[in-house]
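Q: Please read through the structure below; I'll follow up with questions.
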Amino acid sequence: MEAAVLDTGARLESAEFADGIVCVHDDVEWLRGVVGRNKGLRWVQLGAAGIDQWLDADVMRPTITWTAAKGVHATPMAEHVIALVYCAAKGLAVAARRTRWGELAVSSVAGSVLGVVGAGLAGRAIVDLARANGMQTIALTRRGGDTGADVSLGANGLSWLLARADIVVQSCPLTDETRGMIGDREFAGMKRGAWLINVGRGAVVDTDALLRALDGGRLAGALLDVTDPEPLPSGHALWARPNVLITPHVASTPAMGRPALVALVAENTRRLMRGDALIGVVDLVAGY
């Protein structure tokens with residue numbers, strides 16, 4: 001990353017005196033200290049797409065332009081989602097726990113309906129891969145607009161999407177508006193026998209409501225890369241459900257996203273020097 005920044009013609013400097021800094025770790029107090037001491041700081045690039053921890057810590061001063069790593073993890077996340085889609089359709093979440101031969105409910109991915117709740121850059125990559133695998137797609141964004149899906153919806157289309165999707169992918173960021181957004185009412189409105197995939201933030205889904213939906217037979221199962229609480233403690237009820245598959249927040253890792261992050265940092269450095277608009281600017285009011 002240092003080499004990429006130097007190639008833009010920028011100079012490396014101590015964080016206390018730089019025009020812009022790149023923060024690729026989770027040390028909230030370090031960043032709070034830098035923001036407080038560097039009165040000339042204009043730009044902070046965060047190393048992750050999700051910014052809830054920084055907002056919760058109240059370190060994001062509005063006089064600074066903050067950019068998140070939006071889109072950096074889009075391709076790996078989409079690959080992970082498609083892997084989970086096949087796990088659902090082919091019964092792998094259930095079969096992996098079996099110890100003897102028996103009937104297994106399986107289906108074809110082609111022709112099934114995938115609903116994506118939160119079609120940002122990662123959500124659009126999910127839509128693209130799903131369509132390439134023969135799926136019909138419905139995608140929802142906060143503001144509406146074209147998502148590349150067969151059907152694109154605004155925020156008021158959630159119930160419509162849930163009623164029609166065979167597999168619902170939750171890829172929203174965590175904000176005050178999205179916390180607990182999928183709860184008892186939403187599960188009751190989902191197509192019976194549907195699957196839930198969560199690769200956004202765990203707390204967007206009400207965990208107790210998810211357990212009730214699983215136990216009540218409303219859902220065929222859940223495939224979770226993020227949970228609430230996270231990490232999911234040993235002995236939690238979700239571990240014992242035979243139709244639940246949990247991966248430990250690895251839909252995309254820092255290593256997988258690093259090449260794209262380096263390219264993003266270099267491009268934003270060039271833009272800062274030219275006075276152009278930066279990529280991935282955070283809306284501090286919306287929370288992402």
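How things are named: the first chain in the structure tokens is A, the next is B, and so on; residues count from 1 in each chain; ligands count from 1 in the order shown.
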Can you list every residue of region 168-195 of chain A that has an atom at most 10 Å from region 32-53 of chain A, with its nearest atom pair and the distance in Å to one decimal, using only C-alpha atoms, ordered by chain then number, as CSV?

A:
residue,atom,partner,partner_atom,distance
A:Cys172,CA,A:Gly50,CA,9.5
A:Pro173,CA,A:Gly50,CA,6.2
A:Leu174,CA,A:Asp52,CA,6.3
A:Thr175,CA,A:Asp52,CA,7.0
A:Asp176,CA,A:Asp52,CA,9.6

Q: Please produce a file of those selected residues containing N, CA and C atoms, as a PDB file, in the first residue's frame.

A:
ATOM      1  N   CYS A 172     -27.359  -5.874   4.127  1.00  0.00           N
ATOM      2  CA  CYS A 172     -27.419  -4.470   4.549  1.00  0.00           C
ATOM      3  C   CYS A 172     -26.317  -4.141   5.551  1.00  0.00           C
ATOM      4  N   PRO A 173     -25.879  -2.884   5.574  1.00  0.00           N
ATOM      5  CA  PRO A 173     -25.036  -2.422   6.686  1.00  0.00           C
ATOM      6  C   PRO A 173     -25.882  -2.283   7.946  1.00  0.00           C
ATOM      7  N   LEU A 174     -25.240  -2.194   9.093  1.00  0.00           N
ATOM      8  CA  LEU A 174     -25.955  -2.015  10.353  1.00  0.00           C
ATOM      9  C   LEU A 174     -26.074  -0.530  10.661  1.00  0.00           C
ATOM     10  N   THR A 175     -27.300  -0.041  10.714  1.00  0.00           N
ATOM     11  CA  THR A 175     -27.589   1.347  11.072  1.00  0.00           C
ATOM     12  C   THR A 175     -28.740   1.334  12.072  1.00  0.00           C
ATOM     13  N   ASP A 176     -29.114   2.523  12.550  1.00  0.00           N
ATOM     14  CA  ASP A 176     -30.271   2.605  13.449  1.00  0.00           C
ATOM     15  C   ASP A 176     -31.534   2.116  12.744  1.00  0.00           C
TER      16      ASP A 176
END

Q: Go through region 177-271 of chain A residue by residue and, counting only C-alpha atoms, keep those with an atom at most 8 Å from region 93-108 of chain A; for each kept residue give the shortest atom pair and its distance in Å to one decimal, ordered by chain and increasing number, as a Markdown table.

A:
| residue | atom | partner | partner_atom | distance |
| --- | --- | --- | --- | --- |
| A:Pro242 | CA | A:Val94 | CA | 5.8 |
| A:Asn243 | CA | A:Val94 | CA | 5.5 |
| A:Val244 | CA | A:Ala93 | CA | 6.6 |
| A:Leu245 | CA | A:Ala93 | CA | 5.7 |

Q: Near region 266-269 of chain A, counting only C-alpha atoms, which residues have an atom at most 6 Å away, once you skip same-chain residues fewer than 6 positions from it, shown as a PyMOL selection string?

A: chain A and resi 4-5+278

Q: With N, CA and C atoms retained, export the selected residues as an mmCIF file, in the first residue's frame.

A:
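Output below, filename out.cif:
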data_model
loop_
_atom_site.group_PDB
_atom_site.id
_atom_site.type_symbol
_atom_site.label_atom_id
_atom_site.label_comp_id
_atom_site.auth_asym_id
_atom_site.auth_seq_id
_atom_site.Cartn_x
_atom_site.Cartn_y
_atom_site.Cartn_z
ATOM 1 N N ALA A 4 2.062 1.822 -3.463
ATOM 2 C CA ALA A 4 1.000 2.323 -4.326
ATOM 3 C C ALA A 4 0.753 3.808 -4.103
ATOM 4 N N VAL A 5 0.816 4.242 -2.835
ATOM 5 C CA VAL A 5 0.624 5.662 -2.522
ATOM 6 C C VAL A 5 1.787 6.484 -3.067
ATOM 7 N N LEU A 278 -14.052 11.866 -3.899
ATOM 8 C CA LEU A 278 -13.470 10.576 -3.522
ATOM 9 C C LEU A 278 -14.476 9.450 -3.730
#

Q: Name all residues at most 6 Å from region 133-146 of chain A (count only C-alpha atoms; drop same-chain ones fewer than 3 positions away) and give them as JSON, numbers by chain.

A: {"A": [110, 111, 112, 113, 114, 115, 116, 117, 118, 119, 130, 149, 150, 151, 152, 153, 154, 155]}

Q: Which residue out of A:Gly123, A:Glu13, A:Leu272, A:Leu232 has the minimum interatomic distance to His80 (chain A) when only C-alpha atoms are used?

A: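 Among the listed residues, A:Gly123 lies closest to His80 (chain A).
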
Q: Using Å and a single decimal, report how far CA of Ser171 (chain A) sits from CA of Ala209 (chain A).

A: 18.1 Å

Q: Find the residues around Val281 (chain A) up to 10 Å (only C-alpha atoms counted), leave out those fewer than 5 positions away in its own chain, and share them as a ChimeraX atom specification.

A: /A:43-45,65-70,288

Q: Using DSSP assignments from the backbone, pull out every residue in region 54-192 of chain A that falls under strand (DSSP E or B) and give it to me as an MDAnalysis selection string.

A: chainID A and resid 65:67 113:117 136:140 151:153 167:170 182

Q: Can you tell me which residues surround His73 (chain A) at a distance of at most 9 Å, considering only C-alpha atoms, apart from same-chain residues fewer than 4 positions away, and format the answer as an MDAnalysis selection string?

A: chainID A and resid 48:49 69 77:78 121:122 251:254 256:258 260:261

Q: A:Val72, A:Gly180, A:Ser159, A:Leu224: which is nearest Leu264 (chain A), counting only C-alpha atoms?

A: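 Checking each of A:Val72, A:Gly180, A:Ser159, A:Leu224 against Leu264 (chain A), counting only C-alpha atoms, the winner is A:Val72.
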
Q: Pick from A:Leu223, A:Val204, A:Val28, A:Val265: nearest to Ile82 (chain A), with only C-alpha atoms counted?

A: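 Between A:Leu223, A:Val204, A:Val28, A:Val265, the residue approaching Ile82 (chain A) most closely is A:Leu223.
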
Q: Between CA of Asp206 (chain A) and CA of Thr75 (chain A), what is the distance, to one decimal in Å?

A: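 Answer for the CA of Asp206 (chain A) to CA of Thr75 (chain A) separation: 26.7 Å.
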